[in-house]
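Enquirer: Enclosed is the structure file target10.cif (mmCIF, N, CA, C and O atoms).
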data_coords
#
loop_
_atom_site.label_atom_id
_atom_site.label_comp_id
_atom_site.auth_asym_id
_atom_site.auth_seq_id
_atom_site.Cartn_x
_atom_site.Cartn_y
_atom_site.Cartn_z
N MET A 1 -28.57 -27.23 4.82
CA MET A 1 -27.20 -27.67 4.75
C MET A 1 -27.19 -29.17 4.96
O MET A 1 -27.84 -29.67 5.85
N THR A 2 -26.46 -29.88 4.16
CA THR A 2 -26.36 -31.33 4.29
C THR A 2 -24.90 -31.72 4.40
O THR A 2 -24.05 -31.08 3.82
N TRP A 3 -24.66 -32.77 5.15
CA TRP A 3 -23.29 -33.26 5.33
C TRP A 3 -22.76 -33.79 4.02
O TRP A 3 -23.38 -34.63 3.38
N ILE A 4 -21.61 -33.28 3.58
CA ILE A 4 -20.93 -33.79 2.40
C ILE A 4 -19.51 -34.13 2.84
O ILE A 4 -18.81 -33.27 3.36
N GLY A 5 -19.13 -35.35 2.69
CA GLY A 5 -17.79 -35.75 3.11
C GLY A 5 -17.80 -37.18 3.59
O GLY A 5 -18.69 -37.95 3.24
N PRO A 6 -16.81 -37.52 4.40
CA PRO A 6 -16.72 -38.89 4.88
C PRO A 6 -17.98 -39.30 5.65
O PRO A 6 -18.68 -38.46 6.19
N THR A 7 -18.24 -40.58 5.69
CA THR A 7 -19.38 -41.09 6.45
C THR A 7 -19.26 -40.60 7.89
O THR A 7 -18.23 -40.79 8.52
N PRO A 8 -20.28 -39.94 8.42
CA PRO A 8 -20.18 -39.34 9.74
C PRO A 8 -20.34 -40.36 10.87
O PRO A 8 -21.38 -40.48 11.48
N VAL A 9 -19.31 -41.11 11.10
CA VAL A 9 -19.28 -42.04 12.22
C VAL A 9 -18.08 -41.67 13.07
O VAL A 9 -17.22 -40.91 12.64
N VAL A 10 -18.02 -42.20 14.27
CA VAL A 10 -16.87 -41.92 15.12
C VAL A 10 -15.66 -42.51 14.42
O VAL A 10 -15.59 -43.71 14.20
N GLN A 11 -14.72 -41.65 14.06
CA GLN A 11 -13.60 -42.09 13.24
C GLN A 11 -12.43 -41.17 13.49
O GLN A 11 -12.51 -39.98 13.28
N MET A 12 -11.35 -41.72 13.96
CA MET A 12 -10.13 -40.94 14.16
C MET A 12 -9.11 -41.39 13.12
O MET A 12 -8.96 -42.58 12.88
N THR A 13 -8.45 -40.44 12.51
CA THR A 13 -7.49 -40.76 11.47
C THR A 13 -6.16 -40.11 11.81
O THR A 13 -6.13 -38.98 12.27
N LYS A 14 -5.07 -40.80 11.56
CA LYS A 14 -3.76 -40.19 11.77
C LYS A 14 -3.65 -38.96 10.88
O LYS A 14 -4.19 -38.91 9.80
N GLY A 15 -2.90 -37.99 11.33
CA GLY A 15 -2.75 -36.76 10.58
C GLY A 15 -3.63 -35.67 11.14
O GLY A 15 -3.69 -34.58 10.60
N GLY A 16 -4.34 -35.91 12.23
CA GLY A 16 -5.10 -34.87 12.88
C GLY A 16 -6.43 -34.55 12.25
O GLY A 16 -6.73 -33.39 12.01
N ASN A 17 -7.24 -35.53 11.92
CA ASN A 17 -8.60 -35.32 11.44
C ASN A 17 -9.55 -36.12 12.31
O ASN A 17 -9.29 -37.28 12.59
N ALA A 18 -10.65 -35.52 12.74
CA ALA A 18 -11.66 -36.23 13.51
C ALA A 18 -13.02 -35.89 12.94
O ALA A 18 -13.31 -34.73 12.64
N TYR A 19 -13.86 -36.90 12.74
CA TYR A 19 -15.23 -36.73 12.28
C TYR A 19 -16.14 -37.44 13.27
O TYR A 19 -15.83 -38.56 13.67
N GLN A 20 -17.22 -36.82 13.65
CA GLN A 20 -18.13 -37.49 14.56
C GLN A 20 -19.55 -36.98 14.35
O GLN A 20 -19.79 -35.80 14.19
N SER A 21 -20.49 -37.92 14.37
CA SER A 21 -21.91 -37.62 14.34
C SER A 21 -22.40 -37.74 15.77
O SER A 21 -22.17 -38.75 16.43
N VAL A 22 -23.10 -36.72 16.27
CA VAL A 22 -23.54 -36.69 17.66
C VAL A 22 -25.06 -36.57 17.71
O VAL A 22 -25.64 -35.73 17.03
N SER A 23 -25.69 -37.43 18.49
CA SER A 23 -27.13 -37.29 18.79
C SER A 23 -27.22 -36.32 19.95
O SER A 23 -27.06 -36.69 21.11
N ALA A 24 -27.45 -35.06 19.64
CA ALA A 24 -27.41 -34.00 20.64
C ALA A 24 -28.75 -33.81 21.32
O ALA A 24 -29.80 -34.11 20.76
N ASN A 25 -28.68 -33.28 22.55
CA ASN A 25 -29.88 -32.90 23.30
C ASN A 25 -29.59 -31.59 24.03
O ASN A 25 -28.69 -30.87 23.64
N THR A 26 -30.33 -31.28 25.09
CA THR A 26 -30.18 -29.99 25.76
C THR A 26 -29.08 -29.96 26.82
O THR A 26 -28.89 -28.94 27.46
N LEU A 27 -28.36 -31.06 27.01
CA LEU A 27 -27.24 -31.10 27.95
C LEU A 27 -25.94 -31.09 27.18
O LEU A 27 -25.82 -31.72 26.13
N PHE A 28 -24.94 -30.35 27.70
CA PHE A 28 -23.64 -30.33 27.04
C PHE A 28 -23.05 -31.73 26.98
O PHE A 28 -23.05 -32.46 27.96
N GLN A 29 -22.56 -32.12 25.80
CA GLN A 29 -21.86 -33.39 25.59
C GLN A 29 -20.47 -33.08 25.05
O GLN A 29 -20.33 -32.27 24.15
N GLU A 30 -19.47 -33.75 25.59
CA GLU A 30 -18.11 -33.52 25.13
C GLU A 30 -17.81 -34.37 23.90
O GLU A 30 -18.12 -35.55 23.86
N VAL A 31 -17.21 -33.73 22.90
CA VAL A 31 -16.74 -34.43 21.71
C VAL A 31 -15.22 -34.26 21.72
O VAL A 31 -14.70 -33.16 21.54
N SER A 32 -14.51 -35.35 22.00
CA SER A 32 -13.06 -35.32 22.12
C SER A 32 -12.40 -35.64 20.78
O SER A 32 -12.84 -36.54 20.07
N PHE A 33 -11.33 -34.90 20.44
CA PHE A 33 -10.64 -35.12 19.16
C PHE A 33 -9.44 -36.04 19.31
O PHE A 33 -9.06 -36.72 18.37
N GLY A 34 -8.77 -36.01 20.44
CA GLY A 34 -7.58 -36.82 20.63
C GLY A 34 -6.31 -36.14 20.16
O GLY A 34 -5.24 -36.74 20.13
N PHE A 35 -6.39 -34.86 19.77
CA PHE A 35 -5.22 -34.07 19.35
C PHE A 35 -5.58 -32.60 19.47
O PHE A 35 -6.76 -32.26 19.64
N GLY A 36 -4.61 -31.73 19.40
CA GLY A 36 -4.85 -30.29 19.46
C GLY A 36 -5.26 -29.77 18.10
O GLY A 36 -4.45 -29.65 17.20
N ALA A 37 -6.54 -29.46 17.93
CA ALA A 37 -7.08 -29.03 16.63
C ALA A 37 -6.87 -27.53 16.40
O ALA A 37 -6.81 -26.74 17.35
N THR A 38 -6.77 -27.15 15.13
CA THR A 38 -6.67 -25.74 14.77
C THR A 38 -7.91 -25.24 14.04
O THR A 38 -8.11 -24.04 13.92
N GLN A 39 -8.73 -26.16 13.52
CA GLN A 39 -9.97 -25.79 12.84
C GLN A 39 -11.11 -26.67 13.32
O GLN A 39 -10.91 -27.86 13.58
N LEU A 40 -12.30 -26.09 13.41
CA LEU A 40 -13.48 -26.82 13.87
C LEU A 40 -14.64 -26.49 12.94
O LEU A 40 -14.90 -25.32 12.67
N LEU A 41 -15.30 -27.52 12.44
CA LEU A 41 -16.50 -27.35 11.61
C LEU A 41 -17.64 -28.06 12.32
O LEU A 41 -17.55 -29.24 12.63
N ILE A 42 -18.72 -27.32 12.60
CA ILE A 42 -19.91 -27.89 13.21
C ILE A 42 -21.06 -27.71 12.23
O ILE A 42 -21.33 -26.60 11.77
N ILE A 43 -21.71 -28.82 11.88
CA ILE A 43 -22.88 -28.79 10.99
C ILE A 43 -24.08 -29.23 11.81
O ILE A 43 -24.11 -30.34 12.34
N ASN A 44 -25.05 -28.35 11.93
CA ASN A 44 -26.23 -28.61 12.74
C ASN A 44 -27.39 -29.03 11.84
O ASN A 44 -27.93 -28.23 11.10
N GLU A 45 -27.78 -30.30 11.90
CA GLU A 45 -28.90 -30.82 11.12
C GLU A 45 -30.22 -30.76 11.89
O GLU A 45 -31.26 -31.14 11.38
N ALA A 46 -30.17 -30.29 13.13
CA ALA A 46 -31.36 -30.23 13.99
C ALA A 46 -32.26 -29.06 13.61
O ALA A 46 -31.84 -28.14 12.90
N ASP A 47 -33.48 -29.08 14.12
CA ASP A 47 -34.45 -28.02 13.87
C ASP A 47 -34.40 -26.93 14.93
O ASP A 47 -35.33 -26.12 15.03
N THR A 48 -33.35 -26.90 15.70
CA THR A 48 -33.17 -25.93 16.77
C THR A 48 -31.70 -25.53 16.84
O THR A 48 -30.83 -26.30 16.42
N PRO A 49 -31.37 -24.33 17.31
CA PRO A 49 -29.97 -23.91 17.37
C PRO A 49 -29.11 -24.80 18.25
O PRO A 49 -29.58 -25.40 19.22
N CYS A 50 -27.83 -24.87 17.91
CA CYS A 50 -26.83 -25.66 18.65
C CYS A 50 -25.84 -24.68 19.27
O CYS A 50 -25.35 -23.78 18.59
N GLU A 51 -25.55 -24.87 20.55
CA GLU A 51 -24.55 -24.06 21.23
C GLU A 51 -23.29 -24.91 21.42
O GLU A 51 -23.38 -26.11 21.62
N PHE A 52 -22.11 -24.26 21.33
CA PHE A 52 -20.88 -24.99 21.59
C PHE A 52 -20.02 -24.23 22.60
O PHE A 52 -20.13 -23.02 22.74
N SER A 53 -19.21 -25.01 23.31
CA SER A 53 -18.38 -24.49 24.38
C SER A 53 -17.06 -25.23 24.39
O SER A 53 -16.97 -26.35 23.90
N PHE A 54 -16.03 -24.61 24.96
CA PHE A 54 -14.75 -25.28 25.09
C PHE A 54 -14.45 -25.68 26.53
O PHE A 54 -13.44 -26.30 26.81
N ASP A 55 -15.37 -25.33 27.46
CA ASP A 55 -15.19 -25.72 28.85
C ASP A 55 -16.41 -26.44 29.44
O ASP A 55 -16.40 -26.83 30.59
N GLY A 56 -17.46 -26.60 28.66
CA GLY A 56 -18.66 -27.29 29.13
C GLY A 56 -19.59 -26.43 29.96
O GLY A 56 -20.57 -26.93 30.51
N ALA A 57 -19.31 -25.13 30.06
CA ALA A 57 -20.16 -24.24 30.86
C ALA A 57 -20.48 -22.94 30.12
O ALA A 57 -21.64 -22.56 30.02
N THR A 58 -19.46 -22.28 29.60
CA THR A 58 -19.62 -21.01 28.91
C THR A 58 -19.91 -21.23 27.44
O THR A 58 -19.17 -21.95 26.76
N VAL A 59 -20.97 -20.62 26.92
CA VAL A 59 -21.30 -20.74 25.50
C VAL A 59 -20.35 -19.85 24.70
O VAL A 59 -20.27 -18.64 24.93
N HIS A 60 -19.60 -20.46 23.76
CA HIS A 60 -18.65 -19.72 22.94
C HIS A 60 -19.18 -19.43 21.54
O HIS A 60 -18.59 -18.63 20.82
N GLY A 61 -20.27 -20.08 21.15
CA GLY A 61 -20.85 -19.82 19.84
C GLY A 61 -22.16 -20.57 19.65
O GLY A 61 -22.47 -21.49 20.39
N ILE A 62 -22.90 -20.12 18.65
CA ILE A 62 -24.20 -20.72 18.32
C ILE A 62 -24.23 -21.02 16.83
O ILE A 62 -23.82 -20.20 16.01
N VAL A 63 -24.70 -22.22 16.50
CA VAL A 63 -24.89 -22.61 15.11
C VAL A 63 -26.40 -22.72 14.90
O VAL A 63 -27.06 -23.51 15.57
N LEU A 64 -26.94 -21.91 14.00
CA LEU A 64 -28.37 -21.90 13.77
C LEU A 64 -28.86 -23.23 13.21
O LEU A 64 -28.07 -24.01 12.65
N GLU A 65 -30.16 -23.48 13.33
CA GLU A 65 -30.75 -24.72 12.82
C GLU A 65 -30.46 -24.85 11.33
O GLU A 65 -30.50 -23.88 10.59
N LYS A 66 -30.10 -26.07 10.92
CA LYS A 66 -29.76 -26.40 9.53
C LYS A 66 -28.60 -25.55 9.01
O LYS A 66 -28.48 -25.32 7.82
N GLY A 67 -27.73 -25.10 9.91
CA GLY A 67 -26.61 -24.25 9.52
C GLY A 67 -25.27 -24.87 9.88
O GLY A 67 -25.19 -25.99 10.37
N SER A 68 -24.20 -24.11 9.64
CA SER A 68 -22.86 -24.59 9.97
C SER A 68 -22.00 -23.43 10.46
O SER A 68 -22.31 -22.26 10.23
N ASP A 69 -20.91 -23.78 11.13
CA ASP A 69 -19.97 -22.79 11.63
C ASP A 69 -18.56 -23.37 11.50
O ASP A 69 -18.34 -24.52 11.83
N ASN A 70 -17.65 -22.56 11.01
CA ASN A 70 -16.26 -22.96 10.90
C ASN A 70 -15.46 -22.01 11.77
O ASN A 70 -15.50 -20.81 11.58
N SER A 71 -14.75 -22.55 12.77
CA SER A 71 -14.01 -21.74 13.72
C SER A 71 -12.53 -22.11 13.73
O SER A 71 -12.18 -23.26 13.52
N THR A 72 -11.69 -21.12 14.02
CA THR A 72 -10.27 -21.36 14.20
C THR A 72 -10.03 -21.62 15.68
O THR A 72 -10.52 -20.88 16.53
N LEU A 73 -9.29 -22.68 15.98
CA LEU A 73 -9.00 -23.05 17.36
C LEU A 73 -7.53 -22.82 17.67
O LEU A 73 -6.71 -22.66 16.76
N SER A 74 -7.22 -22.86 18.94
CA SER A 74 -5.81 -22.74 19.35
C SER A 74 -5.40 -23.97 20.14
O SER A 74 -5.02 -23.90 21.29
N GLY A 75 -5.52 -25.14 19.50
CA GLY A 75 -5.05 -26.37 20.09
C GLY A 75 -6.02 -27.07 21.03
O GLY A 75 -5.62 -27.92 21.81
N GLN A 76 -7.31 -26.72 20.97
CA GLN A 76 -8.28 -27.40 21.82
C GLN A 76 -8.35 -28.88 21.45
O GLN A 76 -8.23 -29.23 20.28
N THR A 77 -8.57 -29.73 22.44
CA THR A 77 -8.63 -31.16 22.22
C THR A 77 -10.06 -31.69 22.27
O THR A 77 -10.28 -32.87 22.03
N SER A 78 -11.02 -30.81 22.55
CA SER A 78 -12.43 -31.23 22.56
C SER A 78 -13.33 -30.00 22.48
O SER A 78 -12.90 -28.87 22.66
N VAL A 79 -14.61 -30.26 22.19
CA VAL A 79 -15.63 -29.23 22.17
C VAL A 79 -16.87 -29.82 22.85
O VAL A 79 -17.09 -31.03 22.80
N TRP A 80 -17.64 -29.00 23.49
CA TRP A 80 -18.89 -29.42 24.13
C TRP A 80 -20.03 -28.84 23.31
O TRP A 80 -19.99 -27.66 22.93
N ILE A 81 -21.05 -29.65 23.01
CA ILE A 81 -22.19 -29.16 22.22
C ILE A 81 -23.50 -29.51 22.91
O ILE A 81 -23.58 -30.48 23.66
N ARG A 82 -24.52 -28.69 22.64
CA ARG A 82 -25.88 -28.96 23.11
C ARG A 82 -26.86 -28.20 22.22
O ARG A 82 -26.49 -27.22 21.56
N LEU A 83 -28.08 -28.66 22.19
CA LEU A 83 -29.15 -27.98 21.47
C LEU A 83 -29.93 -27.11 22.46
O LEU A 83 -29.99 -27.42 23.65
N THR A 84 -30.53 -26.03 21.96
CA THR A 84 -31.30 -25.16 22.85
C THR A 84 -32.62 -25.80 23.26
O THR A 84 -33.17 -25.46 24.30
N SER A 85 -33.13 -26.74 22.46
CA SER A 85 -34.32 -27.51 22.83
C SER A 85 -34.37 -28.76 21.96
O SER A 85 -33.80 -28.81 20.88
N GLY A 86 -35.07 -29.77 22.45
CA GLY A 86 -35.27 -30.99 21.68
C GLY A 86 -34.01 -31.81 21.47
O GLY A 86 -33.04 -31.69 22.21
N THR A 87 -34.05 -32.64 20.43
CA THR A 87 -32.91 -33.49 20.08
C THR A 87 -32.67 -33.39 18.58
O THR A 87 -33.56 -32.98 17.82
N GLY A 88 -31.50 -33.81 18.14
CA GLY A 88 -31.18 -33.79 16.72
C GLY A 88 -29.75 -34.21 16.48
O GLY A 88 -29.00 -34.49 17.43
N THR A 89 -29.34 -34.25 15.24
CA THR A 89 -28.00 -34.67 14.85
C THR A 89 -27.12 -33.47 14.57
O THR A 89 -27.52 -32.54 13.86
N VAL A 90 -25.92 -33.52 15.13
CA VAL A 90 -24.91 -32.49 14.90
C VAL A 90 -23.63 -33.21 14.46
O VAL A 90 -23.24 -34.20 15.07
N TYR A 91 -23.00 -32.72 13.40
CA TYR A 91 -21.75 -33.30 12.91
C TYR A 91 -20.59 -32.39 13.31
O TYR A 91 -20.69 -31.17 13.20
N VAL A 92 -19.53 -32.99 13.80
CA VAL A 92 -18.35 -32.24 14.23
C VAL A 92 -17.14 -32.74 13.45
O VAL A 92 -16.92 -33.94 13.37
N ARG A 93 -16.40 -31.80 12.88
CA ARG A 93 -15.14 -32.15 12.22
C ARG A 93 -14.06 -31.24 12.79
O ARG A 93 -14.24 -30.02 12.85
N ALA A 94 -12.98 -31.83 13.22
CA ALA A 94 -11.84 -31.08 13.73
C ALA A 94 -10.60 -31.50 12.96
O ALA A 94 -10.44 -32.66 12.61
N TYR A 95 -9.75 -30.54 12.67
CA TYR A 95 -8.50 -30.83 11.98
C TYR A 95 -7.47 -29.79 12.30
O TYR A 95 -7.75 -28.80 12.94
#
Just dump the structure as structure tokens.
Expert:
Amino acid sequence: MTWIGPTPVVQMTKGGNAYQSVSANTLFQEVSFGFGATQLLIINEADTPCEFSFDGATVHGIVLEKGSDNSTLSGQTSVWIRLTSGTGTVYVRAY
């Protein structure tokens, strides 16, 4: 799976869209959107699975290596992500 879309840099746009490229590791990192999102797309470019959470402690889902996940949210303003091992790039889009 490869990122197709806007350049994956930290970028907030009016209208409720957030795109961010994250250098992930084995510790949970918060990715804040700045608004209450209803959809979340996580693209994992790493060679290891990525876990995501909405509270920074409980794992709510796993995105397999080189895979993606699209989830429906109920107004969350951030997501926490981490890799199960190593480091790699994870792209987050919220809208």
Enquirer: Between A:Gln39, A:Gln20, A:Ser78, A:Thr72, single out the one closest to A:Phe54, counting only C-alpha atoms.
Expert: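 Between A:Gln39, A:Gln20, A:Ser78, A:Thr72, the residue approaching A:Phe54 most closely is A:Ser78.
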Enquirer: Give me, as a list in words, all polymer residues having an atom no more than 6 Å from stretch 81-90 of chain A, counting all atoms listed in the file and skipping those fewer than 3 positions away in the same chain.
Expert: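 After dropping sequence-adjacent residues, the list is Gln20, Ser21, Val22, Ser23, Ala24, Asn25, Thr26, Leu27, Phe28, Gln29, Glu30, Val31, Ile43, Asn44, Glu45, Ala46, Asp47, Thr48, Pro49, Cys50, Glu51, Phe52 and Ser53 of chain A.
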Enquirer: Centre and edge lengths, as AutoDock Vina command-line options, for the axis-aligned box enclosing every listed atom of stretch 37-55 of chain A with 4 Å of padding on each of the six sides, in Å to one decimal?
Expert:
--center_x -20.9 --center_y -27.1 --center_z 20.8 --size_x 36.8 --size_y 16.1 --size_z 27.6
Enquirer: Show me, as a list in words, the residues that have an atom within 8 Å of A:Ser74 when counting only N, CA, C and O atoms, minus same-chain residues fewer than 3 positions from it.
Expert: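 What passes the distance filter is Gly36, Ala37, Thr38, Gln39, Ser71 and Thr77 of chain A.
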Enquirer: Kindly give the distance, in Å, that separates atom CA of A:Phe35 and atom CA of A:Leu64, rounded to a single decimal.
Expert: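 Taking atom CA of A:Phe35 and atom CA of A:Leu64, their separation equals 26.7 Å.
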Enquirer: So what do you get for atom O of A:Tyr95 versus atom N of A:Phe33, distance-wise?
Expert: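 So the two atoms, atom O of A:Tyr95 and atom N of A:Phe33, lie 10.3 Å apart.
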Enquirer: Could you please determine the separation between atom C of A:Trp80 and atom N of A:Gly16 in Å, to one decimal place?
Expert: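 Atom-to-atom, atom C of A:Trp80 to atom N of A:Gly16, that is 20.5 Å.
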Enquirer: Measuring between only C-alpha atoms, which one of A:Gly34, A:Ile42, A:Ala94, A:Asn17 shows the shortest distance to A:Ser68?
Expert: A:Ile42
Enquirer: Can you take the partial stretch 53-64 of chain A, add all heavy atoms, and return it as a PDB file, in the frame of the given file?
Expert:
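Final file, out-v9.pdb:
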ATOM      1  N   SER A  53     -19.210 -25.010  23.310  1.00  0.00           N
ATOM      2  CA  SER A  53     -18.380 -24.490  24.380  1.00  0.00           C
ATOM      3  C   SER A  53     -17.060 -25.230  24.390  1.00  0.00           C
ATOM      4  O   SER A  53     -16.970 -26.350  23.900  1.00  0.00           O
ATOM      5  CB  SER A  53     -19.118 -24.707  25.717  1.00  0.00           C
ATOM      6  OG  SER A  53     -18.283 -24.434  26.811  1.00  0.00           O
ATOM      7  N   PHE A  54     -16.030 -24.610  24.960  1.00  0.00           N
ATOM      8  CA  PHE A  54     -14.750 -25.280  25.090  1.00  0.00           C
ATOM      9  C   PHE A  54     -14.450 -25.680  26.530  1.00  0.00           C
ATOM     10  O   PHE A  54     -13.440 -26.300  26.810  1.00  0.00           O
ATOM     11  CB  PHE A  54     -13.625 -24.413  24.521  1.00  0.00           C
ATOM     12  CG  PHE A  54     -13.807 -24.137  23.055  1.00  0.00           C
ATOM     13  CD1 PHE A  54     -14.073 -22.869  22.598  1.00  0.00           C
ATOM     14  CD2 PHE A  54     -13.750 -25.173  22.135  1.00  0.00           C
ATOM     15  CE1 PHE A  54     -14.264 -22.627  21.251  1.00  0.00           C
ATOM     16  CE2 PHE A  54     -13.946 -24.944  20.785  1.00  0.00           C
ATOM     17  CZ  PHE A  54     -14.204 -23.662  20.344  1.00  0.00           C
ATOM     18  N   ASP A  55     -15.370 -25.330  27.460  1.00  0.00           N
ATOM     19  CA  ASP A  55     -15.190 -25.720  28.850  1.00  0.00           C
ATOM     20  C   ASP A  55     -16.410 -26.440  29.440  1.00  0.00           C
ATOM     21  O   ASP A  55     -16.400 -26.830  30.590  1.00  0.00           O
ATOM     22  CB  ASP A  55     -14.831 -24.505  29.706  1.00  0.00           C
ATOM     23  CG  ASP A  55     -15.902 -23.415  29.691  1.00  0.00           C
ATOM     24  OD1 ASP A  55     -17.027 -23.661  29.203  1.00  0.00           O
ATOM     25  OD2 ASP A  55     -15.606 -22.307  30.174  1.00  0.00           O
ATOM     26  N   GLY A  56     -17.460 -26.600  28.660  1.00  0.00           N
ATOM     27  CA  GLY A  56     -18.660 -27.290  29.130  1.00  0.00           C
ATOM     28  C   GLY A  56     -19.590 -26.430  29.960  1.00  0.00           C
ATOM     29  O   GLY A  56     -20.570 -26.930  30.510  1.00  0.00           O
ATOM     30  N   ALA A  57     -19.310 -25.130  30.060  1.00  0.00           N
ATOM     31  CA  ALA A  57     -20.160 -24.240  30.860  1.00  0.00           C
ATOM     32  C   ALA A  57     -20.480 -22.940  30.120  1.00  0.00           C
ATOM     33  O   ALA A  57     -21.640 -22.560  30.020  1.00  0.00           O
ATOM     34  CB  ALA A  57     -19.473 -23.941  32.187  1.00  0.00           C
ATOM     35  N   THR A  58     -19.460 -22.280  29.600  1.00  0.00           N
ATOM     36  CA  THR A  58     -19.620 -21.010  28.910  1.00  0.00           C
ATOM     37  C   THR A  58     -19.910 -21.230  27.440  1.00  0.00           C
ATOM     38  O   THR A  58     -19.170 -21.950  26.760  1.00  0.00           O
ATOM     39  CB  THR A  58     -18.323 -20.175  29.035  1.00  0.00           C
ATOM     40  OG1 THR A  58     -17.959 -20.092  30.404  1.00  0.00           O
ATOM     41  CG2 THR A  58     -18.506 -18.787  28.448  1.00  0.00           C
ATOM     42  N   VAL A  59     -20.970 -20.620  26.920  1.00  0.00           N
ATOM     43  CA  VAL A  59     -21.300 -20.740  25.500  1.00  0.00           C
ATOM     44  C   VAL A  59     -20.350 -19.850  24.700  1.00  0.00           C
ATOM     45  O   VAL A  59     -20.270 -18.640  24.930  1.00  0.00           O
ATOM     46  CB  VAL A  59     -22.773 -20.352  25.225  1.00  0.00           C
ATOM     47  CG1 VAL A  59     -23.061 -20.358  23.729  1.00  0.00           C
ATOM     48  CG2 VAL A  59     -23.706 -21.290  25.967  1.00  0.00           C
ATOM     49  N   HIS A  60     -19.600 -20.460  23.760  1.00  0.00           N
ATOM     50  CA  HIS A  60     -18.650 -19.720  22.940  1.00  0.00           C
ATOM     51  C   HIS A  60     -19.180 -19.430  21.540  1.00  0.00           C
ATOM     52  O   HIS A  60     -18.590 -18.630  20.820  1.00  0.00           O
ATOM     53  CB  HIS A  60     -17.328 -20.498  22.843  1.00  0.00           C
ATOM     54  CG  HIS A  60     -16.584 -20.511  24.133  1.00  0.00           C
ATOM     55  ND1 HIS A  60     -16.667 -21.562  25.017  1.00  0.00           N
ATOM     56  CD2 HIS A  60     -15.770 -19.606  24.704  1.00  0.00           C
ATOM     57  CE1 HIS A  60     -15.920 -21.303  26.078  1.00  0.00           C
ATOM     58  NE2 HIS A  60     -15.363 -20.114  25.915  1.00  0.00           N
ATOM     59  N   GLY A  61     -20.270 -20.080  21.150  1.00  0.00           N
ATOM     60  CA  GLY A  61     -20.850 -19.820  19.840  1.00  0.00           C
ATOM     61  C   GLY A  61     -22.160 -20.570  19.650  1.00  0.00           C
ATOM     62  O   GLY A  61     -22.470 -21.490  20.390  1.00  0.00           O
ATOM     63  N   ILE A  62     -22.900 -20.120  18.650  1.00  0.00           N
ATOM     64  CA  ILE A  62     -24.200 -20.720  18.320  1.00  0.00           C
ATOM     65  C   ILE A  62     -24.230 -21.020  16.830  1.00  0.00           C
ATOM     66  O   ILE A  62     -23.820 -20.200  16.010  1.00  0.00           O
ATOM     67  CB  ILE A  62     -25.362 -19.769  18.682  1.00  0.00           C
ATOM     68  CG1 ILE A  62     -25.375 -19.509  20.192  1.00  0.00           C
ATOM     69  CG2 ILE A  62     -26.693 -20.328  18.217  1.00  0.00           C
ATOM     70  CD1 ILE A  62     -26.398 -18.486  20.630  1.00  0.00           C
ATOM     71  N   VAL A  63     -24.700 -22.220  16.500  1.00  0.00           N
ATOM     72  CA  VAL A  63     -24.890 -22.610  15.110  1.00  0.00           C
ATOM     73  C   VAL A  63     -26.400 -22.720  14.900  1.00  0.00           C
ATOM     74  O   VAL A  63     -27.060 -23.510  15.570  1.00  0.00           O
ATOM     75  CB  VAL A  63     -24.214 -23.961  14.798  1.00  0.00           C
ATOM     76  CG1 VAL A  63     -24.399 -24.325  13.340  1.00  0.00           C
ATOM     77  CG2 VAL A  63     -22.736 -23.910  15.158  1.00  0.00           C
ATOM     78  N   LEU A  64     -26.940 -21.910  14.000  1.00  0.00           N
ATOM     79  CA  LEU A  64     -28.370 -21.900  13.770  1.00  0.00           C
ATOM     80  C   LEU A  64     -28.860 -23.230  13.210  1.00  0.00           C
ATOM     81  O   LEU A  64     -28.070 -24.010  12.650  1.00  0.00           O
ATOM     82  CB  LEU A  64     -28.752 -20.768  12.827  1.00  0.00           C
ATOM     83  CG  LEU A  64     -28.463 -19.357  13.346  1.00  0.00           C
ATOM     84  CD1 LEU A  64     -28.838 -18.321  12.292  1.00  0.00           C
ATOM     85  CD2 LEU A  64     -29.204 -19.097  14.646  1.00  0.00           C
TER      86      LEU A  64
END
